[in-house]
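So this block is input11.pdb, PDB, C-alpha atoms and all ligand atoms:
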ATOM      1  CA  MET X   1      57.119  12.650 -19.796  1.00  0.00           C
ATOM      2  CA  ILE X   2      53.545  13.827 -19.749  1.00  0.00           C
ATOM      3  CA  LEU X   3      51.732  15.103 -22.838  1.00  0.00           C
ATOM      4  CA  LEU X   4      48.950  17.483 -21.811  1.00  0.00           C
ATOM      5  CA  ASN X   5      46.358  18.332 -24.464  1.00  0.00           C
ATOM      6  CA  GLY X   6      44.360  21.443 -23.700  1.00  0.00           C
ATOM      7  CA  ARG X   7      41.766  22.868 -26.056  1.00  0.00           C
ATOM      8  CA  LYS X   8      44.346  24.870 -27.968  1.00  0.00           C
ATOM      9  CA  VAL X   9      47.681  24.247 -26.309  1.00  0.00           C
ATOM     10  CA  GLN X  10      49.550  20.926 -26.226  1.00  0.00           C
ATOM     11  CA  LYS X  11      52.734  20.550 -24.221  1.00  0.00           C
ATOM     12  CA  GLN X  12      55.155  17.849 -23.204  1.00  0.00           C
ATOM     13  CA  ILE X  13      56.140  18.401 -19.610  1.00  0.00           C
ATOM     14  CA  GLU X  14      58.151  16.653 -16.938  1.00  0.00           C
ATOM     15  CA  TRP X  15      56.492  14.934 -14.016  1.00  0.00           C
ATOM     16  CA  GLU X  16      56.586  16.672 -10.651  1.00  0.00           C
ATOM     17  CA  SER X  17      55.651  14.856  -7.484  1.00  0.00           C
ATOM     18  CA  GLY X  18      52.787  16.230  -5.409  1.00  0.00           C
ATOM     19  CA  LEU X  19      51.116  18.275  -8.153  1.00  0.00           C
ATOM     20  CA  THR X  20      47.790  17.480  -9.757  1.00  0.00           C
ATOM     21  CA  VAL X  21      47.322  17.417 -13.507  1.00  0.00           C
ATOM     22  CA  LEU X  22      45.482  20.729 -13.184  1.00  0.00           C
ATOM     23  CA  ASP X  23      48.430  22.190 -11.232  1.00  0.00           C
ATOM     24  CA  LEU X  24      50.786  21.039 -13.981  1.00  0.00           C
ATOM     25  CA  ALA X  25      48.558  22.435 -16.739  1.00  0.00           C
ATOM     26  CA  LEU X  26      48.346  25.836 -15.040  1.00  0.00           C
ATOM     27  CA  LYS X  27      52.054  25.920 -14.291  1.00  0.00           C
ATOM     28  CA  HIS X  28      52.908  25.185 -17.920  1.00  0.00           C
ATOM     29  CA  GLU X  29      50.187  27.425 -19.376  1.00  0.00           C
ATOM     30  CA  VAL X  30      48.138  24.683 -20.983  1.00  0.00           C
ATOM     31  CA  ASP X  31      44.533  25.880 -21.313  1.00  0.00           C
ATOM     32  CA  TRP X  32      42.622  23.619 -18.939  1.00  0.00           C
ATOM     33  CA  GLY X  33      39.172  24.589 -17.727  1.00  0.00           C
ATOM     34  CA  PHE X  34      38.388  24.355 -14.050  1.00  0.00           C
ATOM     35  CA  ALA X  35      36.236  26.006 -11.423  1.00  0.00           C
ATOM     36  CA  CYS X  36      36.036  24.386  -8.011  1.00  0.00           C
ATOM     37  CA  THR X  37      39.372  22.507  -7.653  1.00  0.00           C
ATOM     38  CA  ARG X  38      37.575  20.262  -5.151  1.00  0.00           C
ATOM     39  CA  GLY X  39      36.305  17.506  -7.415  1.00  0.00           C
ATOM     40  CA  SER X  40      32.695  18.634  -7.720  1.00  0.00           C
ATOM     41  CA  CYS X  41      32.236  20.714 -10.906  1.00  0.00           C
ATOM     42  CA  ALA X  42      33.982  18.350 -13.384  1.00  0.00           C
ATOM     43  CA  ARG X  43      35.084  21.292 -15.531  1.00  0.00           C
ATOM     44  CA  CYS X  44      38.583  19.816 -15.325  1.00  0.00           C
ATOM     45  CA  ARG X  45      37.498  16.370 -16.512  1.00  0.00           C
ATOM     46  CA  CYS X  46      40.078  14.675 -18.691  1.00  0.00           C
ATOM     47  CA  LEU X  47      40.720  11.459 -20.557  1.00  0.00           C
ATOM     48  CA  VAL X  48      43.850   9.431 -19.914  1.00  0.00           C
ATOM     49  CA  LYS X  49      44.810   8.005 -23.289  1.00  0.00           C
ATOM     50  CA  GLU X  50      48.121   6.473 -22.311  1.00  0.00           C
ATOM     51  CA  GLY X  51      50.016   5.680 -19.119  1.00  0.00           C
ATOM     52  CA  SER X  52      47.209   5.031 -16.641  1.00  0.00           C
ATOM     53  CA  GLU X  53      49.523   2.605 -14.840  1.00  0.00           C
ATOM     54  CA  TYR X  54      51.670   5.573 -13.740  1.00  0.00           C
ATOM     55  CA  LEU X  55      48.775   7.402 -12.065  1.00  0.00           C
ATOM     56  CA  LYS X  56      47.481   7.344  -8.516  1.00  0.00           C
ATOM     57  CA  ALA X  57      44.133   5.643  -7.972  1.00  0.00           C
ATOM     58  CA  PRO X  58      40.949   7.757  -8.227  1.00  0.00           C
ATOM     59  CA  THR X  59      40.245   9.874  -5.148  1.00  0.00           C
ATOM     60  CA  ASP X  60      36.989   9.705  -3.191  1.00  0.00           C
ATOM     61  CA  ALA X  61      35.915  12.932  -4.942  1.00  0.00           C
ATOM     62  CA  GLU X  62      36.450  11.331  -8.356  1.00  0.00           C
ATOM     63  CA  LEU X  63      34.558   8.219  -7.310  1.00  0.00           C
ATOM     64  CA  ASP X  64      31.672  10.429  -6.133  1.00  0.00           C
ATOM     65  CA  ARG X  65      31.584  12.726  -9.185  1.00  0.00           C
ATOM     66  CA  LEU X  66      32.317  10.366 -12.084  1.00  0.00           C
ATOM     67  CA  GLU X  67      30.304   7.357 -13.156  1.00  0.00           C
ATOM     68  CA  PRO X  68      32.032   3.985 -12.767  1.00  0.00           C
ATOM     69  CA  GLU X  69      31.833   3.594 -16.557  1.00  0.00           C
ATOM     70  CA  GLU X  70      33.675   6.877 -17.043  1.00  0.00           C
ATOM     71  CA  ILE X  71      36.487   5.855 -14.724  1.00  0.00           C
ATOM     72  CA  GLU X  72      36.644   2.493 -16.474  1.00  0.00           C
ATOM     73  CA  ALA X  73      36.957   4.322 -19.814  1.00  0.00           C
ATOM     74  CA  GLY X  74      39.871   6.418 -18.508  1.00  0.00           C
ATOM     75  CA  TYR X  75      38.148   9.634 -17.454  1.00  0.00           C
ATOM     76  CA  ARG X  76      39.537  11.445 -14.407  1.00  0.00           C
ATOM     77  CA  LEU X  77      39.324  14.849 -12.746  1.00  0.00           C
ATOM     78  CA  GLY X  78      42.388  16.970 -13.404  1.00  0.00           C
ATOM     79  CA  CYS X  79      42.157  18.753 -10.060  1.00  0.00           C
ATOM     80  CA  GLN X  80      42.330  15.425  -8.247  1.00  0.00           C
ATOM     81  CA  LEU X  81      44.558  13.342 -10.466  1.00  0.00           C
ATOM     82  CA  GLN X  82      48.181  12.939  -9.472  1.00  0.00           C
ATOM     83  CA  VAL X  83      50.921  11.074 -11.263  1.00  0.00           C
ATOM     84  CA  GLN X  84      52.544   8.408  -9.104  1.00  0.00           C
ATOM     85  CA  GLN X  85      55.711   7.805 -11.085  1.00  0.00           C
ATOM     86  CA  ASP X  86      57.387   8.967 -14.244  1.00  0.00           C
ATOM     87  CA  GLY X  87      56.353   7.338 -17.487  1.00  0.00           C
ATOM     88  CA  VAL X  88      54.878   8.064 -20.881  1.00  0.00           C
ATOM     89  CA  ILE X  89      51.483   9.595 -20.126  1.00  0.00           C
ATOM     90  CA  THR X  90      48.987  11.322 -22.414  1.00  0.00           C
ATOM     91  CA  ILE X  91      46.043  13.229 -20.948  1.00  0.00           C
ATOM     92  CA  THR X  92      43.454  15.264 -22.835  1.00  0.00           C
ATOM     93  CA  HIS X  93      41.100  17.822 -21.295  1.00  0.00           C
ATOM     94  CA  LYS X  94      37.559  16.553 -21.958  1.00  0.00           C
ATOM     95  CA  PRO X  95      34.902  18.514 -20.079  1.00  0.00           C
ATOM     96  CA  TYR X  96      31.249  17.620 -20.638  1.00  0.00           C
ATOM     97  CA  PHE X  97      30.640  20.890 -22.492  1.00  0.00           C
TER
HETATM   98  S1  LIG H 101      37.933  21.894 -10.972  1.00  0.00           S
HETATM   99 FE1  LIG H 101      35.978  21.276 -10.314  1.00  0.00          FE
HETATM  100  S2  LIG H 101      36.094  19.094 -10.387  1.00  0.00           S
HETATM  101 FE2  LIG H 101      38.096  19.740 -10.903  1.00  0.00          FE
END

Spit out the file's structure as structure tokens when you get a sec.
Amino acid sequence: MILLNGRKVQKQIEWESGLTVLDLALKHEVDWGFACTRGSCARCRCLVKEGSEYLKAPTDAELDRLEPEEIEAGYRLGCQLQVQQDGVITITHKPYF
């Protein structure tokens, strides 16, 4: 179970293999800002509050775009982030502005 927190919409959704968090948010109509979908604009930045152990490791694009301290604190890019296995996961959209 994944809890996605957009700016206005919050939804509990089921995990689907092969989709990014941004894909899941769009599919389930959770308001999630984005622009590039390539890992460069960071409009899709989000904070993983729970369940980081169920996520795939940061992509090269995330490692390039985010500061090491951000990744350490649980920030990821929704357009890059994929869930590896089902679990209790909470992710909140947290763009810079
Ligand atoms: S949409 Fe641009 S970094 Fe994710």

Show me which residues are within 8 Å of ligand LIG 101 (chain H) counting all atoms listed in the file, and format the list as a ChimeraX atom specification. /X:22,33-45,65,77-80

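Taken over the shown file, the PyMOL selection byres (((chain X and resi 82-91) around 7) and not hetatm) identifies Met1, Ile2, Leu3, Leu4, Asn5, Trp15, Gly18, Leu19, Thr20, Val21, Cys46, Leu47, Val48, Lys49, Glu50, Gly51, Tyr54, Leu55, Lys56, Gln80, Leu81, Thr92 and His93 of chain X.
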
So the first atom is CA of Pro58 in chain X and the second is CA of Arg7 in chain X; what is the distance between them in Å, to one decimal place? 23.4 Å

Distance of CA of Gln12 in chain X from CA of His28 in chain X, expressed in Å to one decimal place: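 So the answer is 9.3 Å.
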
Centre and edges of the range 31-41 of chain X box, axis-aligned, 8 Å extra per side, as lines of an AutoDock Vina configuration file:
center_x = 38.4
center_y = 21.8
center_z = -13.2
size_x = 28.3
size_y = 24.5
size_z = 32.2

Would you mind reading off the distance between CA of Leu63 in chain X and CA of Glu14 in chain X, one decimal, in Å? 26.8 Å

Residues within 10 Å of (46.5, 27.7, -28.3), file coordinates, counting only C-alpha atoms: what are they? Give the list as a PyMOL selection string. chain X and resi 6-10+29-31

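Closest approach to Arg76 in chain X among X:Leu26, X:Ala61, X:Lys11, X:Ser17 is made by X:Ala61 (distances from only C-alpha atoms).
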
Could I see range 16-33 of chain X restored to N, CA, C and O atoms, set down as a short mmCIF file (atom, residue, chain, number, x, y, z; two decimals), keeping the file's coordinate frame?
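As a result, result-v8.cif now contains:
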data_model
loop_
_atom_site.label_atom_id
_atom_site.label_comp_id
_atom_site.auth_asym_id
_atom_site.auth_seq_id
_atom_site.Cartn_x
_atom_site.Cartn_y
_atom_site.Cartn_z
N GLU X 16 56.18 16.10 -11.93
CA GLU X 16 56.59 16.67 -10.65
C GLU X 16 55.72 16.07 -9.56
O GLU X 16 54.50 16.13 -9.63
N SER X 17 56.36 15.51 -8.58
CA SER X 17 55.65 14.86 -7.48
C SER X 17 54.79 15.86 -6.71
O SER X 17 55.21 17.00 -6.49
N GLY X 18 53.62 15.42 -6.30
CA GLY X 18 52.79 16.23 -5.41
C GLY X 18 51.88 17.23 -6.11
O GLY X 18 51.10 17.91 -5.45
N LEU X 19 51.98 17.35 -7.43
CA LEU X 19 51.12 18.27 -8.15
C LEU X 19 50.03 17.49 -8.88
O LEU X 19 50.26 16.39 -9.36
N THR X 20 48.85 18.10 -8.96
CA THR X 20 47.79 17.48 -9.76
C THR X 20 48.01 17.80 -11.24
O THR X 20 48.80 18.69 -11.59
N VAL X 21 47.26 17.12 -12.07
CA VAL X 21 47.32 17.42 -13.51
C VAL X 21 46.89 18.86 -13.76
O VAL X 21 47.48 19.56 -14.59
N LEU X 22 45.89 19.33 -13.03
CA LEU X 22 45.48 20.73 -13.18
C LEU X 22 46.61 21.67 -12.77
O LEU X 22 46.89 22.66 -13.45
N ASP X 23 47.28 21.37 -11.66
CA ASP X 23 48.43 22.19 -11.23
C ASP X 23 49.48 22.26 -12.34
O ASP X 23 50.02 23.33 -12.65
N LEU X 24 49.76 21.10 -12.93
CA LEU X 24 50.79 21.04 -13.98
C LEU X 24 50.35 21.84 -15.20
O LEU X 24 51.15 22.56 -15.81
N ALA X 25 49.06 21.71 -15.58
CA ALA X 25 48.56 22.44 -16.74
C ALA X 25 48.67 23.95 -16.51
O ALA X 25 49.13 24.69 -17.39
N LEU X 26 48.29 24.40 -15.33
CA LEU X 26 48.35 25.84 -15.04
C LEU X 26 49.79 26.32 -15.01
O LEU X 26 50.11 27.38 -15.56
N LYS X 27 50.64 25.54 -14.39
CA LYS X 27 52.05 25.92 -14.29
C LYS X 27 52.69 26.06 -15.67
O LYS X 27 53.52 26.95 -15.89
N HIS X 28 52.29 25.19 -16.58
CA HIS X 28 52.91 25.18 -17.92
C HIS X 28 52.04 25.90 -18.97
O HIS X 28 52.28 25.75 -20.17
N GLU X 29 51.03 26.60 -18.50
CA GLU X 29 50.19 27.42 -19.38
C GLU X 29 49.50 26.62 -20.48
O GLU X 29 49.47 27.02 -21.64
N VAL X 30 49.00 25.46 -20.09
CA VAL X 30 48.14 24.68 -20.98
C VAL X 30 46.70 25.05 -20.62
O VAL X 30 46.34 25.01 -19.43
N ASP X 31 45.90 25.43 -21.60
CA ASP X 31 44.53 25.88 -21.31
C ASP X 31 43.68 24.70 -20.84
O ASP X 31 43.41 23.77 -21.59
N TRP X 32 43.30 24.75 -19.58
CA TRP X 32 42.62 23.62 -18.94
C TRP X 32 41.52 24.20 -18.08
O TRP X 32 41.79 24.83 -17.07
N GLY X 33 40.28 24.01 -18.47
CA GLY X 33 39.17 24.59 -17.73
C GLY X 33 39.05 24.01 -16.33
O GLY X 33 39.34 22.84 -16.10
#
